[in-house]
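**Q** What follows is upload38.txt; its format and atoms are compact mmCIF, C-alpha atoms.
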```
# COMPACT_ATOMS: atom_id res chain seq x y z
CA ILE A 1 14.03 29.14 -5.90
CA PHE A 2 17.43 28.96 -4.24
CA ALA A 3 20.04 26.34 -3.47
CA VAL A 4 22.05 25.77 -0.30
CA LYS A 5 25.16 23.62 -0.53
CA THR A 6 25.84 21.55 2.58
CA GLY A 7 29.07 19.86 1.48
CA ASN A 8 27.34 16.48 1.48
CA LYS A 9 27.51 15.48 -2.20
CA VAL A 10 24.77 12.84 -2.02
CA PHE A 11 22.37 15.24 -0.30
CA ASP A 12 23.30 18.25 -2.44
CA ASN A 13 22.71 16.26 -5.64
CA ALA A 14 19.52 14.53 -4.47
CA GLU A 15 16.22 15.35 -6.15
CA ILE A 16 14.12 16.29 -3.13
CA PHE A 17 10.39 15.89 -3.74
CA SER A 18 8.86 16.16 -0.26
CA MET A 19 9.71 17.55 3.19
CA CYS A 20 8.39 17.55 6.75
CA TYR A 21 9.56 18.65 10.20
CA THR A 22 9.64 16.88 13.57
CA SER A 23 9.78 19.40 16.42
CA ASN A 24 10.89 16.99 19.17
CA ASP A 25 14.30 16.40 17.55
CA LYS A 26 14.42 19.52 15.31
CA ASN A 27 14.92 17.46 12.15
CA ILE A 28 13.90 18.41 8.65
CA TRP A 29 13.10 15.21 6.72
CA CYS A 30 13.54 15.07 2.96
CA GLY A 31 12.04 12.45 0.65
CA THR A 32 13.83 12.06 -2.67
CA ILE A 33 13.12 10.53 -6.06
CA SER A 34 15.91 7.94 -6.03
CA SER A 35 18.23 8.62 -3.07
CA GLY A 36 16.10 7.49 -0.16
CA LEU A 37 15.22 9.44 2.97
CA PHE A 38 17.39 12.17 4.51
CA SER A 39 17.26 14.06 7.78
CA TYR A 40 18.86 17.45 8.40
CA ASN A 41 19.24 18.56 12.03
CA ILE A 42 18.77 22.29 12.39
CA GLY A 43 20.87 22.56 15.54
CA SER A 44 23.91 20.48 14.61
CA GLY A 45 23.74 20.61 10.83
CA LYS A 46 24.12 16.82 10.74
CA ILE A 47 22.80 15.08 7.62
CA SER A 48 21.80 11.41 7.67
CA ASN A 49 20.71 9.19 4.80
CA TYR A 50 18.51 6.23 5.68
CA ILE A 51 19.07 3.30 3.35
CA SER A 52 20.09 -0.14 4.60
CA ASN A 53 20.85 -3.37 2.76
CA ASP A 54 17.65 -5.23 3.52
CA THR A 55 15.18 -5.81 0.69
CA LEU A 56 12.52 -3.35 1.83
CA SER A 57 14.90 -0.47 2.46
CA ALA A 58 16.56 -1.04 -0.90
CA SER A 59 13.17 -0.96 -2.57
CA VAL A 60 12.36 2.33 -0.80
CA LYS A 61 15.56 3.81 -2.21
CA TYR A 62 14.55 3.18 -5.79
CA GLN A 63 10.92 4.16 -5.42
CA SER A 64 9.87 7.81 -5.49
CA ILE A 65 9.09 9.21 -2.04
CA LEU A 66 6.27 11.48 -3.14
CA ASP A 67 5.18 12.77 0.27
CA LEU A 68 6.01 12.70 3.99
CA THR A 69 3.48 12.90 6.82
CA VAL A 70 4.07 13.23 10.57
CA ASP A 71 1.20 11.85 12.65
CA ASN A 72 0.04 13.00 16.09
CA ASN A 73 2.62 10.75 17.77
CA ASN A 74 5.53 12.17 15.72
CA ARG A 75 5.74 9.04 13.57
CA ILE A 76 6.94 9.51 10.01
CA TRP A 77 5.03 7.99 7.09
CA LEU A 78 6.45 7.89 3.56
CA THR A 79 4.13 8.04 0.58
CA THR A 80 5.61 6.01 -2.28
CA ASN A 81 4.50 5.12 -5.77
CA GLY A 82 4.92 1.35 -5.89
CA LYS A 83 5.26 0.44 -2.20
CA GLY A 84 2.24 2.25 -0.82
CA LEU A 85 2.52 3.78 2.63
CA VAL A 86 5.79 3.09 4.44
CA TYR A 87 6.47 3.67 8.14
CA PHE A 88 9.96 4.79 9.15
CA ASP A 89 11.04 3.95 12.71
CA ARG A 90 13.37 6.73 13.83
CA LYS A 91 14.94 4.59 16.58
CA SER A 92 15.70 1.43 14.62
CA HIS A 93 15.93 3.12 11.20
CA LYS A 94 13.72 0.39 9.76
CA PHE A 95 11.08 0.73 7.07
CA THR A 96 7.75 -1.13 7.20
CA GLU A 97 5.29 -1.34 4.31
CA TYR A 98 1.56 -0.85 4.74
CA ASN A 99 -0.23 -1.25 1.44
CA ARG A 100 -3.09 -3.72 1.78
CA ILE A 101 -6.65 -2.59 2.35
CA ILE A 102 -9.04 -4.58 4.55
CA ASN A 103 -10.61 -6.58 1.70
CA GLY A 104 -7.21 -7.77 0.45
CA ASN A 105 -6.74 -5.25 -2.35
CA TYR A 106 -3.39 -3.49 -2.59
CA VAL A 107 -3.03 0.25 -2.12
CA ASP A 108 0.35 0.84 -3.73
CA ASP A 109 -0.51 3.62 -6.20
CA VAL A 110 -0.22 6.36 -3.58
CA VAL A 111 0.16 9.99 -4.66
CA PHE A 112 0.29 11.86 -1.34
CA SER A 113 -1.00 11.77 2.24
CA GLU A 114 -2.59 14.29 4.57
CA LEU A 115 -3.17 14.15 8.34
CA SER A 116 -6.83 14.62 9.21
CA PRO A 117 -8.22 16.38 12.33
CA ASP A 118 -9.11 13.01 13.90
CA GLY A 119 -5.53 11.71 13.58
CA SER A 120 -6.11 9.38 10.65
CA ILE A 121 -4.05 9.69 7.47
CA TRP A 122 -5.98 10.33 4.27
CA ILE A 123 -4.25 8.94 1.21
CA GLY A 124 -4.78 10.15 -2.33
CA THR A 125 -4.18 7.46 -4.95
CA PHE A 126 -3.95 7.18 -8.73
CA TYR A 127 -6.67 4.54 -9.16
CA SER A 128 -8.36 3.92 -5.79
CA GLY A 129 -9.66 7.36 -4.88
CA VAL A 130 -9.27 8.36 -1.22
CA VAL A 131 -8.23 5.72 1.30
CA VAL A 132 -8.18 6.34 5.07
CA PHE A 133 -5.38 4.81 7.17
CA ASP A 134 -5.46 4.49 10.96
CA PRO A 135 -1.82 4.80 12.13
CA ASP A 136 -2.56 3.30 15.54
CA ILE A 137 -4.19 0.02 14.50
CA LYS A 138 -2.50 -0.03 11.05
CA THR A 139 -5.62 -0.58 8.95
CA PHE A 140 -6.96 0.92 5.71
CA SER A 141 -10.56 1.65 4.79
CA PRO A 142 -12.22 3.29 1.79
CA LEU A 143 -13.67 6.74 2.32
CA SER A 144 -17.09 5.88 3.72
CA LYS A 145 -20.28 6.91 1.90
CA SER A 146 -18.34 8.40 -1.01
CA LYS A 147 -18.76 6.23 -4.11
CA ILE A 148 -18.11 9.35 -6.23
CA LEU A 149 -14.44 9.46 -5.26
CA GLU A 150 -13.65 5.73 -5.34
CA LYS A 151 -12.21 5.54 -8.87
CA ASN A 152 -10.82 9.06 -9.25
CA THR A 153 -7.15 10.04 -9.38
CA ILE A 154 -6.80 12.35 -6.40
CA PHE A 155 -4.82 15.57 -6.92
CA GLY A 156 -5.10 17.13 -3.46
CA ILE A 157 -6.69 16.99 0.00
CA VAL A 158 -6.96 19.91 2.42
CA PHE A 159 -8.88 20.06 5.71
CA ASP A 160 -10.47 23.40 6.54
CA ASN A 161 -10.93 24.84 10.04
CA ASN A 162 -14.36 23.21 10.28
CA GLY A 163 -12.85 19.76 9.78
CA GLU A 164 -14.30 19.33 6.29
CA ALA A 165 -12.12 17.83 3.57
CA TRP A 166 -11.62 19.58 0.24
CA ILE A 167 -10.60 17.02 -2.36
CA SER A 168 -9.42 17.92 -5.85
CA VAL A 169 -9.38 15.79 -8.98
CA LYS A 170 -8.44 16.88 -12.50
CA ASN A 171 -11.61 18.78 -13.40
CA ASN A 172 -13.62 18.97 -10.18
CA LEU A 173 -13.41 19.89 -6.52
CA TYR A 174 -15.32 18.09 -3.78
CA LYS A 175 -16.17 19.10 -0.21
CA TYR A 176 -16.60 16.10 2.07
CA ASN A 177 -18.27 16.33 5.47
CA MET A 178 -16.62 13.73 7.72
CA GLN A 179 -19.48 13.51 10.24
CA ARG A 180 -22.34 13.16 7.77
CA GLY A 181 -20.47 11.55 4.88
CA ILE A 182 -21.96 14.07 2.45
CA THR A 183 -20.04 15.04 -0.69
CA LYS A 184 -20.64 18.32 -2.53
CA LYS A 185 -19.23 18.77 -6.04
CA PHE A 186 -17.87 22.02 -7.52
CA THR A 187 -17.20 22.45 -11.25
CA LYS A 188 -16.25 25.15 -13.75
CA CYS A 189 -19.84 26.37 -13.53
CA ASP A 190 -19.13 27.34 -9.91
CA GLY A 191 -16.10 29.40 -10.96
CA LEU A 192 -13.55 26.59 -10.71
CA LEU A 193 -10.57 26.56 -13.07
CA LYS A 194 -10.88 24.29 -16.09
CA GLU A 195 -8.12 21.94 -14.87
CA LEU A 196 -6.55 21.53 -11.41
CA ASN A 197 -2.93 20.55 -10.83
CA ALA A 198 -1.66 17.66 -8.72
CA TYR A 199 0.25 18.62 -5.52
CA SER A 200 -0.95 22.20 -5.89
CA PHE A 201 -2.95 22.84 -2.72
CA ASP A 202 -2.55 24.52 0.68
CA LYS A 203 -4.28 26.21 3.60
CA ASP A 204 -3.31 29.54 5.13
CA ARG A 205 -3.30 30.56 8.80
CA LEU A 206 -6.83 31.96 8.49
CA GLY A 207 -8.16 28.63 7.26
CA CYS A 208 -8.65 29.55 3.60
CA VAL A 209 -7.89 26.66 1.24
CA TYR A 210 -6.17 27.05 -2.13
CA PHE A 211 -5.90 24.88 -5.23
CA GLY A 212 -3.72 25.65 -8.23
CA GLY A 213 -4.70 24.98 -11.81
CA ARG A 214 -5.08 26.46 -15.26
CA GLU A 215 -7.73 27.62 -17.70
```
Please express what this file holds, its structure, as structure tokens.

**A**
Amino acid sequence: IFAVKTGNKVFDNAEIFSMCYTSNDKNIWCGTISSGLFSYNIGSGKISNYISNDTLSASVKYQSILDLTVDNNNRIWLTTNGKGLVYFDRKSHKFTEYNRIINGNYVDDVVFSELSPDGSIWIGTFYSGVVVFDPDIKTFSPLSKSKILEKNTIFGIVFDNNGEAWISVKNNLYKYNMQRGITKKFTKCDGLLKELNAYSFDKDRLGCVYFGGRE
């Protein structure tokens, strides 16, 4: 919509795909397609680019950072296509990969991530449906009692004010009750658009959830 030039050529020319904010240090964090992770401090205007020479950090640079999530302990998690979920330590500036589910399968085809009301991180993937990650004990698990969503490409996840998850795929929308593990499906017959778009979802201050798409 508009462009702001900071004078930092690398940052100004970066293709920013995702953003988040950490209130304790007043940093805006920017995930890019091929230039790594940036932080912009609102108070000082300082811009930092986090790429080091070790193998993992170099691999993060050249993988798309599709999403950024801040958990309840102000930890930053990068969603990448190819390296799965990556934790960024703000003190040491190190990156750590987390991409293996409990049964040994890899979860590296991550599309985006969303913080749930219980503090877990729900991950939407291209081929593995919804995967739940516990940021405290660093473990993955499939979405329990939801065989319907296991093989779908996930386009969006939004939690409403009742704690229920609304999960979009290309042609359908699902409401998932976390306590009971019950999934309800909505289709075009319910008034849904013919096709939903990836990354096109949000919730307003009143708790209404929105999904973008086309007829």

**Q** Just want the 7 Å neighbourhood of range 79-84 of chain A, counted on only C-alpha atoms, with same-chain residues fewer than 3 positions away dropped. Output as a list in words.

**A** Gln63, Ser64, Ile65, Leu66, Asp67, Leu68, Glu97, Tyr98, Asn99, Val107, Asp108, Asp109, Val110, Val111, Phe112 and Ser113 of chain A

**Q** Could you jot down the CA of Ala14 in chain A to CA of Asp89 in chain A separation for me, Å, one decimal place?

**A** 21.9 Å

**Q** Could you tell me how far CA of Asn74 in chain A sits from CA of Asn24 in chain A, in Å to one decimal place?

**A**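 Taking CA of Asn24 in chain A as the start and CA of Asn74 in chain A as the end point, the length is 8.0 Å.
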
**Q** Taking into account only C-alpha atoms, which residue in the set A:Ser18, A:Asn49, A:Asn152, A:Asn162 is nearest to Val209 in chain A?

**A** A:Asn162

**Q** Report the distance between CA of Gly213 in chain A and CA of Ile33 in chain A in Å, rounded to one decimal place.

**A**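 Between CA of Gly213 in chain A and CA of Ile33 in chain A the gap is 23.7 Å.
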
**Q** Ranking A:Gln179, A:Asp160, A:Val70, A:Ser44 by minimum distance to Arg205 in chain A and counting only C-alpha atoms, which one comes first?

**A**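 That would be A:Asp160, the residue with the smallest distance to Arg205 in chain A.
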
**Q** Name the closest residue to Ile123 in chain A among the candidates A:Phe159, A:Leu85, A:Lys138, A:Phe95; distances are taken between atoms, counting all atoms listed in the file.

**A** A:Leu85

**Q** Within 6 Å of (17.5, 7.2, 2.9), in the coordinates the file gives, what residues turn up when you count all atoms listed in the file, written out as a list in words?

**A**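 The distance filter leaves exactly Gly36, Leu37, Phe38, Asn49, Tyr50 and Ile51 of chain A.
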
**Q** Have a look at A:Lys175, A:Ile42, A:Lys151, A:Tyr127 and name the one nearest to Trp29 in chain A; count all atoms listed in the file.

**A** A:Ile42

**Q** Kindly indicate which residue among A:Ile47, A:Cys189, A:Val169, A:Leu143 lies nearest to Phe155 in chain A, using only C-alpha atoms for the distances.

**A** A:Val169

**Q** Please determine, counting only C-alpha atoms, which residue among A:Leu149, A:Ala165, A:Ile137, A:Ile76 has the shortest atom-to-atom distance to Ser116 in chain A.

**A**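 Nearest to Ser116 in chain A: A:Ala165.
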